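In what follows, a single structure is set out as structure tokens and then discussed.
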Amino acid sequence: MFKRHFFIIAAACLVGLMVLAAVLKIAFADDSQGGAGGPGGRGGPGGGRGQAVAEAVAIPREFADQIRVLGVARSKRSVNITSNTTELITRVMFTDGQRVAAGAPLVELQAREEDADLIQARAQLAQAQREYDRFKLLAERGVAPRVTAETAETALQTARAAVAASEARRGDRVLRAPFAGVLGLTTVTPGTLISPGSVITTLDDTSAIRVDFPLPERYLGVLQVGAPLIATADAYAGETFSGRIALLDTRVNEQTRAVIARAEFANPGARIRPGMMMRVAVQQGRRQSLSVPEAAVQYEGQGAFVYRIARGEKGMTAQRVEVQTGAVEGGFVEILSGLDNNDRVVASGLNRIQPGAPVTVGGAGDKKGGARASQAAR
């Protein structure tokens, strides 16, 4: 019984000591915070420090209103090489990925009948030429009537037309490149039987790239043909391609209230390939506005705010200021209202700042508006 009471008393004493320690800890913490502004306290003139932060300076910067849309890259000219008849391939005269000139032969189809027709037409032309020469000579000597020579001349012209038609039919058995460009991949070989519409290979002129994208009709009054624009592609992160608006469609879509704009980009090295997704940014105009780094702005609901660094009676403090933001470009946010030129704001650690709390600015200032370097307080 005595042992039981002893353990109960010991447990009660232990709980009492724990409560006493917690009370003392809270009391000492309150005393430490209350002395932050006094001599030797944190943030006071006696040499204490507030929370260390990085700062940025609100300065004017050039911004542009941008219309951002998605588009698909298309080559300047593009075609699928196909046949208009069912026939066997006898010769393949190109390699995959080859750059070819306009009119270069690509594939030859079986042409036995066309070859025979051409031989016959040429033989008939030779016979008609001989008949014409003989009757012309006789008509000039007065031996034969002139009408005979004229009939022979008509037969000669008919024979020449027949040869031209035979040569055209024979030429159709050779598929040629309609323009200069780069050939794609193919699976055909000599002996392959192709049918009308079957794709033999592709041909693309990638010297320039076109991107068609919808443009809201409200911008028709400020954007004209020739306006500059930039585009990016996922394949080349961080790289931009400069181009211009080449054409605007003549009609506005009644459902979307947008007009199709065609952008044109130079394509040195053929880096942009047809079919790539392009993010197009059309610049509507440029202006000078105050700016701060994106990290200095926090958003809350429909509004935004920054912490402005101000000098008070107890040193530097962070003041929460509501701001109106505009465009975001190059890592900076346009400030339309709420800040003045050269105002200093907290550039990092905003989630740890309390309005009116003392702060200590670390590092040297960046005159270009970038964040000033410092180490976060621990």
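The way I read the labels, and the way they are meant: chains A, B, ... in the order of the structure tokens, residue 1 as the first residue of every chain, and ligand 1 as the first ligand shown, with later ones counted on from there.
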
| So which residues of segment 211-334 of chain A fall under strand (DSSP E or B) by DSSP, listed as JSON, numbers by chain? | {"A": [211, 212, 213, 214, 215, 216, 228, 229, 230, 231, 232, 233, 240, 241, 242, 243, 244, 245, 246, 247, 248, 249, 250, 251, 252, 258, 259, 260, 261, 262, 263, 264, 265, 266, 277, 278, 279, 280, 281, 282, 283, 284, 285, 286, 287, 288, 289, 290, 291, 292, 293, 298, 299, 300, 303, 304, 305, 306, 307, 308, 309, 310, 311, 312, 315, 316, 317, 318, 319, 320, 321, 322, 323, 324, 325, 326, 327, 328, 329, 332, 333, 334]}

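The residues of segment 239-364 of chain A that DSSP classifies as helix (DSSP H, G or I), using the backbone of this structure, are Pro268, Gly269, Ala270, Glu294, Ala295, Ala296, Leu350, Asn351 and Arg352 of chain A.
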
Please identify every residue of segment 50-123 of chain A that has at least one atom no farther than 12 Å from an atom of segment 307-317 of chain A, counting only C-alpha atoms, and for each give the shortest atom pair and the distance in Å to one decimal, arranged by chain then increasing number, as a Markdown table.
| residue | atom | partner | partner_atom | distance |
| --- | --- | --- | --- | --- |
| A:Gly50 | CA | A:Met316 | CA | 8.2 |
| A:Gln51 | CA | A:Thr317 | CA | 9.6 |
| A:Ala52 | CA | A:Met316 | CA | 10.6 |
| A:Val53 | CA | A:Ile309 | CA | 10.0 |
| A:Ala54 | CA | A:Ile309 | CA | 10.4 |
| A:Glu55 | CA | A:Ile309 | CA | 8.1 |
| A:Ala56 | CA | A:Arg308 | CA | 9.6 |
| A:Val57 | CA | A:Arg308 | CA | 9.7 |
| A:Ala58 | CA | A:Arg308 | CA | 10.0 |

| field | Leu339 of chain A environment, 10 Å, only C-alpha atoms, sequence neighbours closer than 6 positions dropped, as a count of residues only | value | 12

| task | Find the spatial neighbours of segment 172-185 of chain A, counting only C-alpha atoms, within a cut-off of 6 Å - ignore same-chain residues fewer than 2 positions away - and output them as number ranges by chain. | result | A: 96-109, 169-170, 201-205

Could the residues in this selection be written to a file with all heavy atoms, as a compact mmCIF listing (two decimals), in the first residue's frame?
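Contents of part.txt, as written:
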# COMPACT_ATOMS: atom_id res chain seq x y z
N ASP A 96 16.06 8.30 -98.31
CA ASP A 96 15.31 8.95 -97.24
C ASP A 96 16.04 10.19 -96.75
O ASP A 96 17.25 10.17 -96.52
CB ASP A 96 15.11 7.98 -96.07
CG ASP A 96 14.27 6.79 -96.46
OD1 ASP A 96 13.65 6.84 -97.54
OD2 ASP A 96 14.23 5.80 -95.69
N GLY A 97 15.28 11.28 -96.57
CA GLY A 97 15.87 12.51 -96.06
C GLY A 97 16.70 13.29 -97.05
O GLY A 97 17.36 14.26 -96.66
N GLN A 98 16.66 12.92 -98.29
CA GLN A 98 17.47 13.60 -99.31
C GLN A 98 16.87 14.95 -99.66
O GLN A 98 15.65 15.12 -99.74
CB GLN A 98 17.56 12.73 -100.56
CG GLN A 98 18.36 13.34 -101.70
CD GLN A 98 18.38 12.44 -102.93
OE1 GLN A 98 18.03 11.26 -102.85
NE2 GLN A 98 18.79 12.99 -104.05
N ARG A 99 17.73 15.95 -99.86
CA ARG A 99 17.29 17.25 -100.36
C ARG A 99 17.35 17.21 -101.88
O ARG A 99 18.38 16.86 -102.46
CB ARG A 99 18.19 18.36 -99.82
CG ARG A 99 17.76 19.76 -100.27
CD ARG A 99 18.59 20.82 -99.57
NE ARG A 99 18.34 20.82 -98.15
CZ ARG A 99 17.35 21.48 -97.57
NH1 ARG A 99 16.48 22.16 -98.33
NH2 ARG A 99 17.19 21.45 -96.27
N VAL A 100 16.25 17.56 -102.53
CA VAL A 100 16.15 17.45 -103.98
C VAL A 100 15.77 18.80 -104.58
O VAL A 100 15.20 19.67 -103.90
CB VAL A 100 15.11 16.39 -104.39
CG1 VAL A 100 15.55 15.01 -103.95
CG2 VAL A 100 13.74 16.73 -103.82
N ALA A 101 16.09 18.99 -105.85
CA ALA A 101 15.72 20.20 -106.58
C ALA A 101 14.37 20.00 -107.24
O ALA A 101 13.87 18.87 -107.37
CB ALA A 101 16.79 20.52 -107.63
N ALA A 102 13.77 21.10 -107.67
CA ALA A 102 12.49 21.02 -108.36
C ALA A 102 12.65 20.24 -109.66
O ALA A 102 13.58 20.47 -110.43
CB ALA A 102 11.97 22.42 -108.65
N GLY A 103 11.76 19.28 -109.91
CA GLY A 103 11.80 18.47 -111.12
C GLY A 103 12.68 17.24 -111.03
O GLY A 103 12.78 16.49 -112.01
N ALA A 104 13.31 17.01 -109.90
CA ALA A 104 14.19 15.84 -109.77
C ALA A 104 13.36 14.55 -109.84
O ALA A 104 12.31 14.45 -109.20
CB ALA A 104 14.95 15.89 -108.45
N PRO A 105 13.78 13.54 -110.62
CA PRO A 105 13.04 12.28 -110.69
C PRO A 105 13.13 11.52 -109.37
O PRO A 105 14.20 11.44 -108.76
CB PRO A 105 13.73 11.53 -111.82
CG PRO A 105 15.10 12.09 -111.88
CD PRO A 105 14.99 13.53 -111.47
N LEU A 106 12.01 10.96 -108.95
CA LEU A 106 11.97 10.25 -107.67
C LEU A 106 11.69 8.76 -107.86
O LEU A 106 12.42 7.92 -107.35
CB LEU A 106 10.89 10.87 -106.76
CG LEU A 106 11.02 12.36 -106.47
CD1 LEU A 106 9.84 12.83 -105.63
CD2 LEU A 106 12.34 12.65 -105.78
N VAL A 107 10.65 8.43 -108.62
CA VAL A 107 10.23 7.04 -108.79
C VAL A 107 9.82 6.83 -110.25
O VAL A 107 9.17 7.69 -110.86
CB VAL A 107 9.04 6.70 -107.86
CG1 VAL A 107 8.45 5.34 -108.21
CG2 VAL A 107 9.49 6.71 -106.41
N GLU A 108 10.21 5.69 -110.80
CA GLU A 108 9.79 5.33 -112.15
C GLU A 108 8.86 4.13 -112.09
O GLU A 108 9.17 3.12 -111.43
CB GLU A 108 10.99 5.01 -113.04
CG GLU A 108 10.61 4.72 -114.47
CD GLU A 108 11.82 4.49 -115.36
OE1 GLU A 108 12.95 4.47 -114.84
OE2 GLU A 108 11.63 4.32 -116.58
N LEU A 109 7.72 4.25 -112.77
CA LEU A 109 6.73 3.17 -112.81
C LEU A 109 6.91 2.35 -114.09
O LEU A 109 7.50 2.81 -115.06
CB LEU A 109 5.31 3.74 -112.77
CG LEU A 109 4.99 4.68 -111.59
CD1 LEU A 109 3.55 5.18 -111.71
CD2 LEU A 109 5.20 3.99 -110.25
N ARG A 169 2.61 10.81 -121.84
CA ARG A 169 2.19 9.62 -121.11
C ARG A 169 3.38 8.86 -120.56
O ARG A 169 3.34 8.33 -119.45
CB ARG A 169 1.35 8.73 -122.03
CG ARG A 169 -0.05 9.28 -122.31
CD ARG A 169 -0.92 8.22 -122.98
NE ARG A 169 -0.42 7.90 -124.32
CZ ARG A 169 -0.81 8.53 -125.42
NH1 ARG A 169 -1.67 9.53 -125.35
NH2 ARG A 169 -0.34 8.17 -126.60
N ARG A 170 4.47 8.85 -121.34
CA ARG A 170 5.68 8.18 -120.85
C ARG A 170 6.28 8.97 -119.68
O ARG A 170 6.77 8.39 -118.70
CB ARG A 170 6.71 8.07 -121.98
CG ARG A 170 8.01 7.37 -121.58
CD ARG A 170 7.72 5.96 -121.13
NE ARG A 170 8.93 5.25 -120.73
CZ ARG A 170 9.46 5.30 -119.50
NH1 ARG A 170 8.89 6.07 -118.56
NH2 ARG A 170 10.54 4.60 -119.21
N THR A 201 6.27 8.99 -100.58
CA THR A 201 7.11 9.73 -99.63
C THR A 201 6.52 11.12 -99.47
O THR A 201 5.53 11.47 -100.12
CB THR A 201 8.57 9.81 -100.12
OG1 THR A 201 9.38 10.40 -99.10
CG2 THR A 201 8.68 10.64 -101.38
N THR A 202 7.10 11.90 -98.58
CA THR A 202 6.65 13.29 -98.38
C THR A 202 7.75 14.24 -98.83
O THR A 202 8.94 13.89 -98.83
CB THR A 202 6.32 13.55 -96.91
OG1 THR A 202 7.48 13.29 -96.10
CG2 THR A 202 5.18 12.66 -96.45
N LEU A 203 7.35 15.44 -99.20
CA LEU A 203 8.29 16.48 -99.61
C LEU A 203 7.91 17.78 -98.92
O LEU A 203 6.75 18.21 -99.01
CB LEU A 203 8.26 16.65 -101.14
CG LEU A 203 9.17 17.75 -101.70
CD1 LEU A 203 10.64 17.42 -101.44
CD2 LEU A 203 8.92 17.94 -103.20
N ASP A 204 8.86 18.40 -98.22
CA ASP A 204 8.61 19.63 -97.48
C ASP A 204 9.67 20.66 -97.81
O ASP A 204 10.87 20.34 -97.83
CB ASP A 204 8.61 19.38 -95.97
CG ASP A 204 7.42 18.54 -95.54
OD1 ASP A 204 6.31 19.07 -95.52
OD2 ASP A 204 7.63 17.34 -95.22
N ASP A 205 9.22 21.87 -98.06
CA ASP A 205 10.12 23.02 -98.21
C ASP A 205 10.21 23.69 -96.85
O ASP A 205 9.32 24.46 -96.45
CB ASP A 205 9.58 23.98 -99.26
CG ASP A 205 10.48 25.20 -99.44
OD1 ASP A 205 11.55 25.25 -98.79
OD2 ASP A 205 10.10 26.10 -100.21

| said: Set the distance at 8 Å and use only C-alpha atoms: which residues neighbour Phe63 of chain A once local chain neighbours fewer than 5 positions away are removed? I'd like the list as a count of residues only. | reply: 7

Neighbour list for Gln110 of chain A as a PDB file with C-alpha atoms, in the first residue's frame, cut-off 7 Å, only C-alpha atoms, skip fewer than 6 positions in-chain:
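After the write, result-v6.pdb holds the following:
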ATOM      1  CA  GLU A  87       1.315   0.155-111.236  1.00  0.00           C
ATOM      2  CA  LEU A  88       4.584  -1.524-110.295  1.00  0.00           C
ATOM      3  CA  ILE A  89       7.585   0.556-109.267  1.00  0.00           C
ATOM      4  CA  THR A  90      10.625  -0.265-111.395  1.00  0.00           C
ATOM      5  CA  ARG A 173       5.454   7.138-115.480  1.00  0.00           C
TER       6      ARG A 173
END

| field | Residue nearest Leu336 of chain A among A:Gly269, A:Pro60, A:Pro293, A:Gly16 (counting only C-alpha atoms) | value |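 Distance minimum relative to Leu336 of chain A lands on A:Pro60.
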
| Which is closest to Ala73 of chain A among A:Arg251, A:Arg257, A:Arg210, A:Arg218, if we use only C-alpha atoms? |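 The answer is A:Arg210, which sits nearest to Ala73 of chain A.
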
| said: Using only C-alpha atoms, which protein or nucleic acid residues come within 8 Å of Ala208 of chain A? Drop anything in the same chain fewer than 4 positions from it, and give the result as a ChimeraX atom specification. | reply: /A:75-76,264-267

Write a file of the just-selected residues containing C-alpha atoms, as a CSV table (one decimal), in the first residue's frame.
chain,number,residue,atom,x,y,z
A,75,SER,CA,6.3,24.0,-93.9
A,76,LYS,CA,6.3,26.7,-96.6
A,264,GLU,CA,6.0,33.2,-91.0
A,265,PHE,CA,9.4,32.3,-89.4
A,266,ALA,CA,12.8,31.9,-90.9
A,267,ASN,CA,14.1,28.4,-90.3
